[in-house]
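Trainee: File work.pdb follows (PDB, C-alpha atoms):
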```
ATOM      1  CA  MET A   1      12.155  15.529 -39.373
ATOM      2  CA  THR A   2      13.226  12.125 -38.030
ATOM      3  CA  PRO A   3      14.562  12.414 -34.442
ATOM      4  CA  LYS A   4      18.185  11.455 -33.796
ATOM      5  CA  LYS A   5      18.624   7.851 -32.745
ATOM      6  CA  LYS A   6      19.778   7.476 -29.136
ATOM      7  CA  THR A   7      23.023   5.746 -28.361
ATOM      8  CA  LEU A   8      23.171   2.830 -25.942
ATOM      9  CA  TYR A   9      24.768   5.137 -23.375
ATOM     10  CA  GLU A  10      21.898   7.622 -23.712
ATOM     11  CA  ILE A  11      19.366   4.794 -23.324
ATOM     12  CA  LEU A  12      20.945   3.871 -19.961
ATOM     13  CA  ALA A  13      21.420   7.586 -19.094
ATOM     14  CA  VAL A  14      25.191   7.211 -18.493
ATOM     15  CA  ALA A  15      28.269   8.879 -19.924
ATOM     16  CA  ALA A  16      30.222   7.379 -22.808
ATOM     17  CA  ASP A  17      33.185   6.758 -20.461
ATOM     18  CA  ALA A  18      31.043   5.273 -17.668
ATOM     19  CA  SER A  19      32.485   2.447 -15.603
ATOM     20  CA  ASP A  20      30.938  -1.000 -15.311
ATOM     21  CA  THR A  21      29.452  -0.042 -11.934
ATOM     22  CA  GLU A  22      27.878   3.106 -13.381
ATOM     23  CA  ILE A  23      26.460   1.114 -16.307
ATOM     24  CA  GLN A  24      24.986  -1.423 -13.867
ATOM     25  CA  ALA A  25      23.474   1.383 -11.757
ATOM     26  CA  GLY A  26      22.094   3.161 -14.825
ATOM     27  CA  TYR A  27      20.512  -0.056 -16.073
ATOM     28  CA  GLU A  28      18.840  -0.698 -12.698
ATOM     29  CA  ILE A  29      17.504   2.875 -12.524
ATOM     30  CA  VAL A  30      16.118   2.824 -16.096
ATOM     31  CA  ALA A  31      14.617  -0.675 -15.602
ATOM     32  CA  ALA A  32      12.967   0.378 -12.327
ATOM     33  CA  LYS A  33      11.569   3.528 -13.956
ATOM     34  CA  LEU A  34      10.225   1.453 -16.847
ATOM     35  CA  GLN A  35       8.590  -1.006 -14.435
ATOM     36  CA  SER A  36       6.870   1.902 -12.637
ATOM     37  CA  GLN A  37       5.377   3.017 -16.011
ATOM     38  CA  LYS A  38       4.124  -0.471 -16.931
ATOM     39  CA  ASP A  39       0.494   0.268 -16.013
ATOM     40  CA  ARG A  40       0.460   3.579 -17.939
ATOM     41  CA  ILE A  41       1.704   2.302 -21.309
ATOM     42  CA  SER A  42       0.618  -0.467 -23.641
ATOM     43  CA  ALA A  43       2.055  -3.956 -23.386
ATOM     44  CA  ASP A  44       3.752  -3.682 -26.817
ATOM     45  CA  ASP A  45       5.453  -0.413 -25.896
ATOM     46  CA  PHE A  46       6.614  -1.864 -22.584
ATOM     47  CA  ASP A  47       8.069  -4.966 -24.285
ATOM     48  CA  PHE A  48       9.920  -2.877 -26.867
ATOM     49  CA  LYS A  49      11.354  -0.511 -24.251
ATOM     50  CA  LEU A  50      12.425  -3.434 -22.080
ATOM     51  CA  LYS A  51      14.118  -5.162 -25.032
ATOM     52  CA  VAL A  52      15.972  -1.946 -25.930
ATOM     53  CA  VAL A  53      17.181  -1.442 -22.341
ATOM     54  CA  ASN A  54      18.267  -5.078 -22.008
ATOM     55  CA  LEU A  55      20.097  -4.960 -25.348
ATOM     56  CA  ALA A  56      21.890  -1.761 -24.312
ATOM     57  CA  TYR A  57      22.955  -3.261 -20.975
ATOM     58  CA  LYS A  58      24.043  -6.559 -22.529
ATOM     59  CA  THR A  59      26.155  -4.773 -25.135
ATOM     60  CA  LEU A  60      27.829  -2.284 -22.757
ATOM     61  CA  SER A  61      28.379  -4.775 -19.915
ATOM     62  CA  THR A  62      30.460  -7.088 -22.126
ATOM     63  CA  PRO A  63      33.984  -5.654 -22.720
ATOM     64  CA  SER A  64      34.436  -7.025 -26.244
ATOM     65  CA  SER A  65      31.017  -5.923 -27.495
ATOM     66  CA  ARG A  66      31.440  -2.533 -25.808
ATOM     67  CA  ASP A  67      34.795  -1.976 -27.500
ATOM     68  CA  ALA A  68      33.271  -2.866 -30.839
ATOM     69  CA  TYR A  69      30.324  -0.556 -30.200
ATOM     70  CA  ASP A  70      32.630   2.325 -29.197
ATOM     71  CA  ALA A  71      34.580   1.768 -32.391
ATOM     72  CA  LYS A  72      31.365   1.910 -34.402
ATOM     73  CA  LEU A  73      30.338   5.145 -32.659
ATOM     74  CA  ALA A  74      33.712   6.666 -33.506
ATOM     75  CA  ALA A  75      33.338   5.565 -37.120
ATOM     76  CA  THR A  76      29.794   6.893 -37.486
ATOM     77  CA  ALA A  77      30.600  10.230 -35.804
ATOM     78  CA  ALA A  78      31.680  11.520 -39.237
ATOM     79  CA  PRO A  79      29.943   9.301 -41.830
ATOM     80  CA  ALA A  80      31.676   8.915 -45.166
ATOM     81  CA  PHE A  81      28.440   8.760 -47.121
ATOM     82  CA  ALA A  82      24.991  10.333 -46.850
ATOM     83  CA  PRO A  83      22.143   8.404 -45.213
ATOM     84  CA  ALA A  84      20.091   6.233 -47.481
ATOM     85  CA  PRO A  85      17.103   8.135 -48.926
ATOM     86  CA  ALA A  86      14.795   5.277 -47.919
ATOM     87  CA  LEU A  87      15.024   6.416 -44.310
ATOM     88  CA  ALA A  88      13.227   9.664 -45.169
ATOM     89  CA  LEU A  89      10.291   8.102 -46.998
ATOM     90  CA  VAL A  90       7.994   8.191 -43.942
ATOM     91  CA  PRO A  91       8.755  10.981 -41.424
ATOM     92  CA  LEU A  92       8.338   9.910 -37.826
ATOM     93  CA  GLN A  93       6.063  12.060 -35.707
ATOM     94  CA  PRO A  94       7.901  13.650 -32.732
ATOM     95  CA  ASP A  95       5.324  12.396 -30.240
ATOM     96  CA  ALA A  96       5.204   8.800 -31.516
ATOM     97  CA  GLU A  97       7.453   7.395 -28.792
ATOM     98  CA  ALA A  98       6.343   3.840 -29.360
ATOM     99  CA  LEU A  99       7.184   4.004 -33.078
ATOM    100  CA  THR A 100      10.550   5.554 -32.268
ATOM    101  CA  LEU A 101      11.352   2.712 -29.891
ATOM    102  CA  ARG A 102      10.363   0.173 -32.535
ATOM    103  CA  ALA A 103      12.687   1.867 -35.007
ATOM    104  CA  GLU A 104      15.474   1.973 -32.420
ATOM    105  CA  ALA A 105      14.963  -1.715 -31.691
ATOM    106  CA  MET A 106      15.293  -2.582 -35.382
ATOM    107  CA  ALA A 107      18.350  -0.355 -35.732
ATOM    108  CA  LEU A 108      19.896  -1.877 -32.617
ATOM    109  CA  ARG A 109      19.493  -5.293 -34.203
ATOM    110  CA  ALA A 110      21.529  -4.052 -37.151
ATOM    111  CA  ASP A 111      24.060  -2.596 -34.691
ATOM    112  CA  ALA A 112      24.216  -5.957 -32.946
ATOM    113  CA  MET A 113      25.070  -7.681 -36.211
ATOM    114  CA  THR A 114      27.782  -5.092 -36.851
ATOM    115  CA  LEU A 115      29.080  -5.581 -33.308
ATOM    116  CA  ARG A 116      29.286  -9.319 -33.859
ATOM    117  CA  ALA A 117      31.405  -8.767 -36.956
ATOM    118  CA  ASP A 118      33.640  -6.269 -35.108
ATOM    119  CA  ALA A 119      33.937  -8.656 -32.164
ATOM    120  CA  MET A 120      35.072 -11.407 -34.540
ATOM    121  CA  VAL A 121      37.735  -9.072 -35.861
ATOM    122  CA  LEU A 122      38.836  -8.189 -32.302
ATOM    123  CA  ARG A 123      39.057 -11.856 -31.316
ATOM    124  CA  THR A 124      41.394 -12.466 -34.265
ATOM    125  CA  GLY A 125      43.625  -9.655 -32.924
ATOM    126  CA  LYS A 126      42.906  -7.235 -35.808
ATOM    127  CA  ALA A 127      41.531  -3.680 -35.495
ATOM    128  CA  PRO A 128      37.998  -2.793 -36.641
ATOM    129  CA  ALA A 129      37.358  -1.239 -39.987
ATOM    130  CA  SER A 130      36.749   2.171 -38.381
ATOM    131  CA  PHE A 131      40.349   2.320 -37.273
ATOM    132  CA  GLN A 132      41.801   1.293 -40.630
ATOM    133  CA  GLU A 133      43.250   4.760 -41.263
ATOM    134  CA  SER A 134      44.482   5.390 -37.684
ATOM    135  CA  ARG A 135      46.106   1.963 -37.063
ATOM    136  CA  SER A 136      49.127   0.451 -38.739
ATOM    137  CA  PHE A 137      49.210  -3.173 -39.723
ATOM    138  CA  THR A 138      51.920  -5.623 -40.502
ATOM    139  CA  ALA A 139      52.749  -6.461 -44.071
ATOM    140  CA  ASP A 140      51.339  -9.949 -43.689
ATOM    141  CA  SER A 141      47.954  -8.953 -42.229
ATOM    142  CA  GLU A 142      47.207  -5.874 -44.378
ATOM    143  CA  PRO A 143      46.440  -7.735 -47.604
ATOM    144  CA  ASN A 144      43.972 -10.063 -45.865
ATOM    145  CA  PHE A 145      42.124  -7.251 -44.109
ATOM    146  CA  SER A 146      42.048  -5.094 -47.246
ATOM    147  CA  ARG A 147      40.549  -7.989 -49.112
ATOM    148  CA  PHE A 148      37.760  -8.819 -46.608
ATOM    149  CA  ALA A 149      36.949  -5.405 -45.092
ATOM    150  CA  PRO A 150      35.138  -3.956 -48.170
ATOM    151  CA  VAL A 151      33.108  -7.151 -48.513
ATOM    152  CA  ILE A 152      32.070  -7.053 -44.851
ATOM    153  CA  ARG A 153      31.255  -3.353 -45.131
ATOM    154  CA  LYS A 154      29.092  -3.900 -48.221
ATOM    155  CA  VAL A 155      27.267  -6.789 -46.543
ATOM    156  CA  LEU A 156      26.567  -4.637 -43.500
ATOM    157  CA  MET A 157      25.358  -1.761 -45.705
ATOM    158  CA  VAL A 158      22.980  -4.130 -47.509
ATOM    159  CA  LEU A 159      21.707  -5.498 -44.200
ATOM    160  CA  GLY A 160      21.269  -1.972 -42.847
ATOM    161  CA  THR A 161      19.331  -0.977 -45.975
ATOM    162  CA  LEU A 162      17.120  -4.057 -45.644
ATOM    163  CA  PHE A 163      16.448  -3.261 -41.995
ATOM    164  CA  ALA A 164      15.643   0.354 -42.911
ATOM    165  CA  ILE A 165      13.144  -0.860 -45.539
ATOM    166  CA  ALA A 166      11.633  -3.218 -42.973
ATOM    167  CA  ILE A 167      11.346  -0.338 -40.495
ATOM    168  CA  VAL A 168       9.600   1.844 -43.087
ATOM    169  CA  ALA A 169       7.183  -0.969 -43.975
ATOM    170  CA  GLN A 170       6.454  -1.654 -40.332
ATOM    171  CA  LEU A 171       5.863   2.029 -39.595
ATOM    172  CA  ILE A 172       3.508   2.312 -42.569
ATOM    173  CA  THR A 173       1.651  -0.793 -41.388
ATOM    174  CA  LEU A 174       1.428   0.537 -37.850
ATOM    175  CA  MET A 175       0.123   3.942 -38.952
ATOM    176  CA  SER A 176      -2.377   2.305 -41.312
ATOM    177  CA  SER A 177      -3.521  -0.016 -38.536
ATOM    178  CA  GLY A 178      -3.792   2.962 -36.196
ATOM    179  CA  ARG A 179      -5.997   4.832 -38.667
ATOM    180  CA  ARG A 180      -8.190   1.766 -39.152
ATOM    181  CA  ALA A 181      -8.413   1.352 -35.393
ATOM    182  CA  ASP A 182      -9.379   5.026 -35.024
ATOM    183  CA  VAL A 183     -12.093   4.657 -37.669
ATOM    184  CA  ALA A 184     -13.391   1.463 -36.036
ATOM    185  CA  ALA A 185     -13.356   3.119 -32.614
ATOM    186  CA  ALA A 186     -15.237   6.137 -33.980
ATOM    187  CA  ALA A 187     -17.823   3.868 -35.618
ATOM    188  CA  ALA A 188     -18.232   1.867 -32.417
ATOM    189  CA  ALA A 189     -18.627   5.066 -30.415
ATOM    190  CA  LYS A 190     -21.243   6.327 -32.910
ATOM    191  CA  ALA A 191     -23.156   3.050 -32.734
ATOM    192  CA  SER A 192     -23.029   3.092 -28.946
ATOM    193  CA  GLU A 193     -24.306   6.673 -28.933
ATOM    194  CA  GLN A 194     -27.197   5.776 -31.259
ATOM    195  CA  ALA A 195     -28.082   2.796 -29.060
ATOM    196  CA  GLN A 196     -28.118   5.022 -25.977
ATOM    197  CA  LEU A 197     -30.316   7.607 -27.736
ATOM    198  CA  GLN A 198     -32.755   4.898 -28.864
ATOM    199  CA  GLU A 199     -32.876   3.345 -25.398
ATOM    200  CA  TYR A 200     -33.604   6.751 -23.848
ATOM    201  CA  PHE A 201     -36.360   7.355 -26.395
ATOM    202  CA  GLN A 202     -37.982   3.999 -25.662
ATOM    203  CA  THR A 203     -37.769   4.595 -21.912
ATOM    204  CA  HIS A 204     -38.825   8.240 -21.657
ATOM    205  CA  GLY A 205     -40.552   8.948 -24.985
ATOM    206  CA  VAL A 206     -38.162  11.818 -25.784
ATOM    207  CA  ARG A 207     -35.569  11.514 -28.571
ATOM    208  CA  PRO A 208     -32.370  13.502 -27.837
ATOM    209  CA  ALA A 209     -30.572  15.040 -30.795
ATOM    210  CA  ASN A 210     -27.082  13.965 -29.699
ATOM    211  CA  LYS A 211     -25.020  12.619 -26.823
ATOM    212  CA  ALA A 212     -24.600  16.038 -25.220
ATOM    213  CA  GLU A 213     -28.369  16.567 -25.105
ATOM    214  CA  LEU A 214     -28.766  13.022 -23.764
ATOM    215  CA  ASP A 215     -26.331  13.791 -20.962
ATOM    216  CA  LEU A 216     -28.243  16.986 -20.130
ATOM    217  CA  LEU A 217     -31.574  15.126 -20.093
ATOM    218  CA  GLU A 218     -30.163  12.360 -17.920
ATOM    219  CA  ALA A 219     -28.674  14.950 -15.559
ATOM    220  CA  GLU A 220     -32.080  16.670 -15.372
ATOM    221  CA  ASN A 221     -33.782  13.330 -14.719
ATOM    222  CA  ARG A 222     -31.274  12.556 -11.978
ATOM    223  CA  ARG A 223     -31.897  15.982 -10.466
ATOM    224  CA  LYS A 224     -35.657  15.476 -10.527
ATOM    225  CA  ALA A 225     -35.291  11.985  -9.124
ATOM    226  CA  SER A 226     -33.069  13.350  -6.368
ATOM    227  CA  GLU A 227     -35.565  16.112  -5.585
ATOM    228  CA  SER A 228     -38.440  13.613  -5.586
ATOM    229  CA  SER A 229     -36.510  11.276  -3.338
ATOM    230  CA  THR A 230     -35.703  14.151  -1.001
ATOM    231  CA  ALA A 231     -39.350  15.247  -0.935
ATOM    232  CA  GLU A 232     -40.475  11.690  -0.191
ATOM    233  CA  ARG A 233     -37.939  11.402   2.604
ATOM    234  CA  LEU A 234     -39.110  14.732   4.076
ATOM    235  CA  LYS A 235     -42.751  13.654   3.782
ATOM    236  CA  ALA A 236     -42.042  10.308   5.407
ATOM    237  CA  LYS A 237     -40.127  12.074   8.185
ATOM    238  CA  ALA A 238     -42.999  14.528   8.728
ATOM    239  CA  GLU A 239     -45.492  11.660   8.891
ATOM    240  CA  GLN A 240     -43.249   9.788  11.286
ATOM    241  CA  ASP A 241     -42.902  12.893  13.459
ATOM    242  CA  ALA A 242     -46.698  13.370  13.419
ATOM    243  CA  ARG A 243     -47.262   9.748  14.450
ATOM    244  CA  ARG A 244     -44.638  10.076  17.156
ATOM    245  CA  PHE A 245     -46.263  13.283  18.442
ATOM    246  CA  GLU A 246     -49.707  11.681  18.393
ATOM    247  CA  GLU A 247     -48.432   8.638  20.247
ATOM    248  CA  GLU A 248     -46.668  10.823  22.786
ATOM    249  CA  SER A 249     -49.803  12.935  23.275
ATOM    250  CA  ARG A 250     -51.897   9.805  23.754
ATOM    251  CA  ARG A 251     -49.463   8.451  26.313
ATOM    252  CA  ARG A 252     -49.426  11.760  28.126
ATOM    253  CA  GLY A 253     -53.271  11.888  28.103
ATOM    254  CA  GLU A 254     -53.464   8.374  29.493
ATOM    255  CA  GLN A 255     -50.931   9.289  32.181
ATOM    256  CA  VAL A 256     -52.930  12.414  33.123
ATOM    257  CA  ALA A 257     -56.166  10.398  33.236
ATOM    258  CA  ALA A 258     -54.508   7.788  35.445
ATOM    259  CA  ASP A 259     -53.180  10.504  37.725
ATOM    260  CA  LEU A 260     -56.671  12.048  37.947
ATOM    261  CA  ARG A 261     -58.217   8.700  38.810
ATOM    262  CA  THR A 262     -55.593   8.121  41.459
ATOM    263  CA  ALA A 263     -56.181  11.593  42.920
ATOM    264  CA  GLU A 264     -59.946  11.055  42.905
ATOM    265  CA  LEU A 265     -59.580   7.720  44.699
ATOM    266  CA  GLN A 266     -57.287   9.298  47.231
ATOM    267  CA  ALA A 267     -59.755  12.177  47.758
ATOM    268  CA  ARG A 268     -62.618   9.757  48.225
ATOM    269  CA  ASP A 269     -60.610   7.713  50.704
ATOM    270  CA  GLN A 270     -59.637  10.876  52.562
ATOM    271  CA  ALA A 271     -63.264  12.028  52.671
ATOM    272  CA  ARG A 272     -64.353   8.636  53.949
ATOM    273  CA  ARG A 273     -61.768   8.691  56.666
ATOM    274  CA  GLU A 274     -62.800  12.243  57.548
ATOM    275  CA  ASP A 275     -66.451  11.210  57.761
ATOM    276  CA  GLU A 276     -65.557   8.281  59.969
ATOM    277  CA  ARG A 277     -63.510  10.551  62.222
ATOM    278  CA  ARG A 278     -66.371  13.094  62.511
ATOM    279  CA  GLU A 279     -68.854  10.308  63.199
ATOM    280  CA  TRP A 280     -66.651   8.901  65.917
ATOM    281  CA  GLN A 281     -66.182  12.355  67.401
ATOM    282  CA  GLN A 282     -69.939  12.916  67.354
ATOM    283  CA  LYS A 283     -70.534   9.652  69.143
ATOM    284  CA  GLU A 284     -67.861  10.505  71.674
ATOM    285  CA  ASP A 285     -69.445  13.907  72.293
ATOM    286  CA  ASP A 286     -72.874  12.324  72.749
ATOM    287  CA  ARG A 287     -71.457   9.791  75.194
ATOM    288  CA  MET A 288     -69.787  12.550  77.205
ATOM    289  CA  LYS A 289     -73.002  14.590  77.280
ATOM    290  CA  GLU A 290     -74.975  11.563  78.376
ATOM    291  CA  GLN A 291     -72.519  10.839  81.121
ATOM    292  CA  MET A 292     -72.532  14.425  82.298
ATOM    293  CA  GLU A 293     -76.332  14.391  82.272
ATOM    294  CA  ARG A 294     -76.363  11.280  84.434
ATOM    295  CA  VAL A 295     -73.916  12.857  86.849
ATOM    296  CA  ARG A 296     -76.085  15.963  87.042
ATOM    297  CA  ILE A 297     -79.185  13.880  87.656
ATOM    298  CA  GLU A 298     -77.433  11.880  90.366
ATOM    299  CA  ARG A 299     -76.312  15.110  92.035
ATOM    300  CA  GLN A 300     -79.815  16.522  91.981
ATOM    301  CA  LYS A 301     -81.185  13.277  93.407
ATOM    302  CA  ALA A 302     -78.635  13.455  96.161
ATOM    303  CA  GLU A 303     -79.588  17.036  96.913
ATOM    304  CA  TRP A 304     -83.250  16.177  96.986
ATOM    305  CA  ARG A 305     -82.605  13.296  99.383
ATOM    306  CA  GLU A 306     -80.665  15.630 101.598
ATOM    307  CA  VAL A 307     -83.576  18.084 101.579
ATOM    308  CA  LEU A 308     -86.135  15.385 102.330
ATOM    309  CA  ARG A 309     -84.043  14.015 105.117
ATOM    310  CA  ARG A 310     -84.146  17.318 106.906
TER
END
```
How would this structure read if it were set down as structure tokens?
Mentor:
Amino acid sequence: MTPKKKTLYEILAVAADASDTEIQAGYEIVAAKLQSQKDRISADDFDFKLKVVNLAYKTLSTPSSRDAYDAKLAATAAPAFAPAPALALVPLQPDAEALTLRAEAMALRADAMTLRADAMVLRTGKAPASFQESRSFTADSEPNFSRFAPVIRKVLMVLGTLFAIAIVAQLITLMSSGRRADVAAAAAAKASEQAQLQEYFQTHGVRPANKAELDLLEAENRRKASESSTAERLKAKAEQDARRFEEESRRRGEQVAADLRTAELQARDQARREDERREWQQKEDDRMKEQMERVRIERQKAEWREVLRR
């Protein structure tokens, strides 16, 4: 089922009796929201949405075009004839927002042409065709309007039908192009997958059955490579620690050997000094003994002289 076409008020998210300030605010909010979505939608969709929003604002911000548009809404609220069957030839998918906006843009162009005709009528001081039954006219103006109104209405119906046919053709073209693009994308993806499988076979000598198996094999290879890299890092760290320990042990051994040599030299020097001190003490003892022996001999000589003198 084809979704209902939005009105210009619904596009700007304002009420049908909104003031000019509210219309301006609604336009700024919708435009800002659309700008924030620019990176998440395609360029074509963004251009179409922007054109629709600008057309809605331009129509509703101008008093004459807004009056004509309100008159058209009042006239189409209860249509006098059923919609043209051509509109139902290609049902629009509910989720095809871009296609809906394209259709709305084409329909808005038809509305714009109708608005121009209504605006021309308003500028001449005559009421639009939608108010023909609810307005009274003077005797002089009624024949002229009755003569031209059916012609204008038929022209607009023909233009609307032509626009509807153009919309249907464009939608068919777009859907056909989308299917061709999907097929081309699928073929490109298949070719890319085959190229990846062949490259893996030439590199590793193993031919995966599909992309899923290729991903599993590559994940396993990455895991093995990670484990090998980790083992090599651990081995290199162990070797580095062993070299560091060996170097530290060598330095400590050299320090101990140096300390031993220093202690040995100090012990030798101490022993030498001790020998020198003992030698000096021995000489001093011998000198004292010799002196005491001379004193004893001198005393005995003196005693013997005393004895001989008697």
Trainee: Within 12 Å of Ile29 (chain A), counting only C-alpha atoms, which residues show up once you throw out same-chain ones fewer than 5 positions away? Write them as a list in words, please.
Mentor: Ile11, Leu12, Ala13, Val14, Glu22, Ile23, Gln24, Leu34, Gln35, Ser36, Val53 and Tyr57 of chain A
Trainee: Starting from 3 Å padding per side, set up an axis-aligned box that covers all listed atoms of region 226-230 of chain A and hand over centre and edge lengths in Å, one decimal, as AutoDock Vina command-line options.
Mentor:
```
--center_x -35.8 --center_y 13.7 --center_z -3.7 --size_x 11.4 --size_y 10.8 --size_z 11.4
```
Trainee: Which residues, written as a CSV table (one decimal) with C-alpha atoms, in the frame of the given file, have at least one atom at most 12 Å from Glu218 (chain A), with all atoms listed in the file counted and residues fewer than 2 positions away on the same chain left out?
Mentor:
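part-v2.csv, freshly written:
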```
chain,number,residue,atom,x,y,z
A,196,GLN,CA,-28.1,5.0,-26.0
A,197,LEU,CA,-30.3,7.6,-27.7
A,200,TYR,CA,-33.6,6.8,-23.8
A,201,PHE,CA,-36.4,7.4,-26.4
A,203,THR,CA,-37.8,4.6,-21.9
A,204,HIS,CA,-38.8,8.2,-21.7
A,206,VAL,CA,-38.2,11.8,-25.8
A,207,ARG,CA,-35.6,11.5,-28.6
A,208,PRO,CA,-32.4,13.5,-27.8
A,211,LYS,CA,-25.0,12.6,-26.8
A,212,ALA,CA,-24.6,16.0,-25.2
A,213,GLU,CA,-28.4,16.6,-25.1
A,214,LEU,CA,-28.8,13.0,-23.8
A,215,ASP,CA,-26.3,13.8,-21.0
A,216,LEU,CA,-28.2,17.0,-20.1
A,220,GLU,CA,-32.1,16.7,-15.4
A,221,ASN,CA,-33.8,13.3,-14.7
A,222,ARG,CA,-31.3,12.6,-12.0
A,223,ARG,CA,-31.9,16.0,-10.5
A,224,LYS,CA,-35.7,15.5,-10.5
A,225,ALA,CA,-35.3,12.0,-9.1
A,226,SER,CA,-33.1,13.4,-6.4
```
Trainee: Calculate how many Å separate CA of Arg250 (chain A) from CA of Ala238 (chain A), rounding to one decimal.
Mentor: 18.1 Å
Trainee: Please check which residues have atoms at most 9 Å from (15.6, -2.9, -21.6) in the file's coordinates, counting all atoms listed in the file, and write them as a list in words.
Mentor: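 With a cut-off of 9 Å, the residues come to Ile11, Leu12, Tyr27, Val30, Ala31, Leu34, Asp47, Phe48, Lys49, Leu50, Lys51, Val52, Val53, Asn54, Leu55, Ala56 and Tyr57 of chain A.
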Trainee: What is the CA of Phe163 (chain A)-CA of Ala68 (chain A) distance in Å, reported with one decimal?
Mentor: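 Interatomic distance, CA of Phe163 (chain A) to CA of Ala68 (chain A): 20.2 Å.
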Trainee: Quick one: pull the distance between CA of Asp17 (chain A) and CA of Met157 (chain A), Å, one decimal.
Mentor: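 Between CA of Asp17 (chain A) and CA of Met157 (chain A) the gap is 27.8 Å.
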